[in-house]
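Visitor: Next up is a structure, given as structure tokens.
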Amino acid sequence: MSESLHIDWTRCRGRGVCVELMAGLRRDEWGYPVVVGGGSDLPIAPGEREAAEDAVALCPLLALSFRPSSAA
Amino acid sequence: MSEAFWALGRASGVVLLVLMTISMLLGMVTRSGRPLLHLPRFGVVLAHRNIALLSIVFLTVHVGSLLLDPYAQLRLADVLIPFGAAKSPLAVGLGTAAFDLMIAITITAMLRRWIGRRVFRAVHWASYALWPIAVLHGITNGSDGRSGPFLILSAVAAVLVVAVGAWRLTEGFVEHRRSRTEPAR
Ligand code: SF4
């Protein structure tokens, strides 16, 4: 089972920390993170687990969490 | 030997003023969601956290050495319960109050994932009380608290914290302010 990084947009205030750490995220015009392909769940690539853990730990608003991704 | 405890207590107090000031400033920059010069946003968050934790180390040295210093006449209770010290209760009490706040702020920050955001943020706000209390403690209780160099250091720290604090209250503080208040095109 693979995991994804979930952004809780109701908590996020677009502080941009996670976008610096995760290549698969970009900022929309308000500064909020979105998954490059769209949506709020970023599948975690094999080498990115550590960066994702950093993002979860450093988000100032506790808006990031790990979720099992639905099999695609 | 007791001279050494006193010197250690004094030196760690000065280091604490510097570390707590930097931590305050970095905390406010974190809140703004902006990078700092060449430091990326996650670097600002990390630096804020690590410098705050480093000040806990110096706080332990500070309180520990003054407990061991016979001249300070500090009892164990004075470390936790403010304004009861035998010698200069008010000035020591400010330090005790700052110590208690610092412990509360640090523990809730470390447990923020479990205690929830509301409690974490409410307690973290106390930093704005902690910092001036700690500075006042340094000035009133430090052996050289009213000496020129220490007052200058405190004044510089105060100017920085007040300046960044004032910026925090302005419109332009958070990033993307413009696109957030104007309708998107
Ligand atoms: S780090 Fe947290 S608050 Fe900042 S943009 Fe990412 S999810 Fe939002």
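Labeling convention for the structure tokens: chains A, B, ... as they appear, residues from 1 per chain, ligands from 1 in order of appearance.
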Pick out the residues sitting within 8 Å of stretch 140-150 of chain B, and hand them over as a list of chain:residue names; count only C-alpha atoms, and ignore anything fewer than 5 positions along from it in its own chain.

Guide: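 Listing them by chain and then by number gives B:Arg10, B:Val14, B:Ser88, B:Ala91, B:Val92.
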
Visitor: Mind writing the picked residues with N, CA, C and O atoms as an mmCIF file, in the first residue's frame?

Guide:
data_model
loop_
_atom_site.group_PDB
_atom_site.id
_atom_site.type_symbol
_atom_site.label_atom_id
_atom_site.label_comp_id
_atom_site.auth_asym_id
_atom_site.auth_seq_id
_atom_site.Cartn_x
_atom_site.Cartn_y
_atom_site.Cartn_z
ATOM 1 N N ARG B 10 25.359 34.328 35.272
ATOM 2 C CA ARG B 10 25.319 35.623 34.603
ATOM 3 C C ARG B 10 25.487 35.473 33.101
ATOM 4 O O ARG B 10 24.726 36.025 32.314
ATOM 5 N N VAL B 14 22.866 36.298 29.790
ATOM 6 C CA VAL B 14 23.079 37.151 28.615
ATOM 7 C C VAL B 14 22.822 36.359 27.336
ATOM 8 O O VAL B 14 22.145 36.836 26.410
ATOM 9 N N SER B 88 15.518 39.743 46.835
ATOM 10 C CA SER B 88 14.817 40.424 45.735
ATOM 11 C C SER B 88 13.707 39.578 45.108
ATOM 12 O O SER B 88 13.824 39.119 43.979
ATOM 13 N N ALA B 91 12.273 40.734 41.493
ATOM 14 C CA ALA B 91 13.157 40.524 40.338
ATOM 15 C C ALA B 91 13.343 39.035 40.056
ATOM 16 O O ALA B 91 13.309 38.602 38.900
ATOM 17 N N VAL B 92 13.517 38.237 41.111
ATOM 18 C CA VAL B 92 13.646 36.788 40.937
ATOM 19 C C VAL B 92 12.328 36.220 40.426
ATOM 20 O O VAL B 92 12.295 35.354 39.543
#

Visitor: Residues within 7 Å of ligand 1 should be enumerated using only C-alpha atoms and all ligand atoms and returned as a VMD selection string.

Guide: chain A and resid 7 to 8 12 to 19 32 to 33 55 58 to 64

Visitor: Produce a file of the selected residues containing C-alpha atoms, as a compact mmCIF listing (two decimals), in the first residue's frame.

Guide:
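File written: again-v3.txt
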# COMPACT_ATOMS: atom_id res chain seq x y z
CA ILE A 7 -3.09 18.81 2.53
CA ASP A 8 -5.93 19.95 4.75
CA CYS A 12 -3.47 25.58 5.72
CA ARG A 13 -2.85 29.29 5.46
CA GLY A 14 -0.51 29.05 2.51
CA ARG A 15 2.70 29.61 4.39
CA GLY A 16 4.56 27.80 1.65
CA VAL A 17 6.88 25.62 3.73
CA CYS A 18 5.75 22.36 2.18
CA VAL A 19 6.11 23.64 -1.38
CA TYR A 32 -1.70 27.81 -1.19
CA PRO A 33 -0.14 24.48 -2.07
CA ALA A 55 7.03 18.81 5.64
CA LEU A 58 7.47 21.68 9.93
CA CYS A 59 4.11 22.88 8.65
CA PRO A 60 3.37 25.67 11.13
CA LEU A 61 -0.34 24.93 11.04
CA LEU A 62 -0.34 21.12 11.27
CA ALA A 63 -2.15 20.99 7.96
CA LEU A 64 -0.25 18.04 6.51

Visitor: Could you name the residues that touch B:Ser55 at 9 Å or less, counting only C-alpha atoms, but leaving out those on the same chain fewer than 2 positions away, as a PyMOL selection string?

Guide: chain B and resi 15-16+19-20+23+50-53+57-60

Visitor: Given the selection you just returned, output its residues as a file containing N, CA, C and O atoms, formatted as a PDB file, in the first residue's frame.

Guide:
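To be explicit, this is the file written out as again.pdb:
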ATOM      1  N   VAL B  15      23.336  35.112  27.297  1.00  0.00           N
ATOM      2  CA  VAL B  15      23.102  34.264  26.123  1.00  0.00           C
ATOM      3  C   VAL B  15      21.598  34.061  25.927  1.00  0.00           C
ATOM      4  O   VAL B  15      21.090  34.108  24.804  1.00  0.00           O
ATOM      5  N   LEU B  16      20.883  33.872  27.040  1.00  0.00           N
ATOM      6  CA  LEU B  16      19.433  33.663  26.954  1.00  0.00           C
ATOM      7  C   LEU B  16      18.722  34.854  26.344  1.00  0.00           C
ATOM      8  O   LEU B  16      17.807  34.702  25.528  1.00  0.00           O
ATOM      9  N   LEU B  19      19.379  34.542  22.603  1.00  0.00           N
ATOM     10  CA  LEU B  19      18.674  33.420  21.985  1.00  0.00           C
ATOM     11  C   LEU B  19      17.165  33.635  21.966  1.00  0.00           C
ATOM     12  O   LEU B  19      16.493  33.373  20.964  1.00  0.00           O
ATOM     13  N   MET B  20      16.625  34.130  23.074  1.00  0.00           N
ATOM     14  CA  MET B  20      15.170  34.308  23.130  1.00  0.00           C
ATOM     15  C   MET B  20      14.723  35.418  22.186  1.00  0.00           C
ATOM     16  O   MET B  20      13.640  35.351  21.603  1.00  0.00           O
ATOM     17  N   SER B  23      14.802  33.894  18.742  1.00  0.00           N
ATOM     18  CA  SER B  23      13.685  32.970  18.626  1.00  0.00           C
ATOM     19  C   SER B  23      12.365  33.720  18.389  1.00  0.00           C
ATOM     20  O   SER B  23      11.544  33.325  17.558  1.00  0.00           O
ATOM     21  N   ASN B  50      14.918  25.212  16.628  1.00  0.00           N
ATOM     22  CA  ASN B  50      16.192  24.809  17.219  1.00  0.00           C
ATOM     23  C   ASN B  50      16.754  25.849  18.171  1.00  0.00           C
ATOM     24  O   ASN B  50      17.329  25.506  19.203  1.00  0.00           O
ATOM     25  N   ILE B  51      16.593  27.119  17.841  1.00  0.00           N
ATOM     26  CA  ILE B  51      17.103  28.155  18.742  1.00  0.00           C
ATOM     27  C   ILE B  51      16.265  28.194  20.018  1.00  0.00           C
ATOM     28  O   ILE B  51      16.799  28.363  21.121  1.00  0.00           O
ATOM     29  N   ALA B  52      14.964  27.968  19.881  1.00  0.00           N
ATOM     30  CA  ALA B  52      14.115  27.908  21.072  1.00  0.00           C
ATOM     31  C   ALA B  52      14.545  26.737  21.971  1.00  0.00           C
ATOM     32  O   ALA B  52      14.629  26.879  23.191  1.00  0.00           O
ATOM     33  N   LEU B  53      14.847  25.597  21.347  1.00  0.00           N
ATOM     34  CA  LEU B  53      15.276  24.440  22.140  1.00  0.00           C
ATOM     35  C   LEU B  53      16.647  24.679  22.765  1.00  0.00           C
ATOM     36  O   LEU B  53      16.909  24.270  23.900  1.00  0.00           O
ATOM     37  N   VAL B  57      18.273  24.695  26.890  1.00  0.00           N
ATOM     38  CA  VAL B  57      19.543  24.212  27.440  1.00  0.00           C
ATOM     39  C   VAL B  57      20.184  25.301  28.308  1.00  0.00           C
ATOM     40  O   VAL B  57      20.596  25.052  29.442  1.00  0.00           O
ATOM     41  N   PHE B  58      20.246  26.511  27.776  1.00  0.00           N
ATOM     42  CA  PHE B  58      20.853  27.601  28.539  1.00  0.00           C
ATOM     43  C   PHE B  58      20.017  27.974  29.759  1.00  0.00           C
ATOM     44  O   PHE B  58      20.553  28.396  30.777  1.00  0.00           O
ATOM     45  N   LEU B  59      18.708  27.805  29.638  1.00  0.00           N
ATOM     46  CA  LEU B  59      17.846  28.085  30.786  1.00  0.00           C
ATOM     47  C   LEU B  59      18.148  27.109  31.924  1.00  0.00           C
ATOM     48  O   LEU B  59      18.186  27.498  33.100  1.00  0.00           O
ATOM     49  N   THR B  60      18.385  25.860  31.552  1.00  0.00           N
ATOM     50  CA  THR B  60      18.733  24.851  32.556  1.00  0.00           C
ATOM     51  C   THR B  60      20.053  25.214  33.249  1.00  0.00           C
ATOM     52  O   THR B  60      20.153  25.157  34.483  1.00  0.00           O
TER      53      THR B  60
END

Visitor: Contacts from chain B to chain A, 8 Å maximum, only C-alpha atoms: show me the residue list as a list in words.

Guide: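 Every residue of chain B that passes the 8 Å test is in Thr30, Arg31, Ser32, Gly33, Arg34, Pro40, Arg41, Phe42, Val45, Leu46, Arg113, Arg117, Glu175, His176, Ser179 and Arg180 of chain B.
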
Visitor: For B:Leu68, which of B:Ala97, B:Ile105, B:Ala7, B:Leu111 is the closest residue, counting only C-alpha atoms?

Guide: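 Among the listed residues, B:Ala7 lies closest to B:Leu68.
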
Visitor: Run DSSP on the backbone and give me the residues of stretch 5-141 of chain B it puts in alpha helix (DSSP H), as a PyMOL selection string.

Guide: chain B and resi 5-32+41-68+76-80+89-110+112-115+117-124+127-141

Visitor: Counting only C-alpha atoms, which of A:Glu50, A:Leu5, A:Val56, A:Thr10 gets nearest to A:Val35?

Guide: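 Using only C-alpha atoms, the shortest distance to A:Val35 belongs to A:Leu5.
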
Visitor: In terms of the shortest atom-to-atom distance over only C-alpha atoms, which of B:Gly165, B:Gly116, B:Gly9, B:Gly95 is closest to B:Ile133?

Guide: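 Looking only at the distances to B:Ile133, the closest residue turns out to be B:Gly95.
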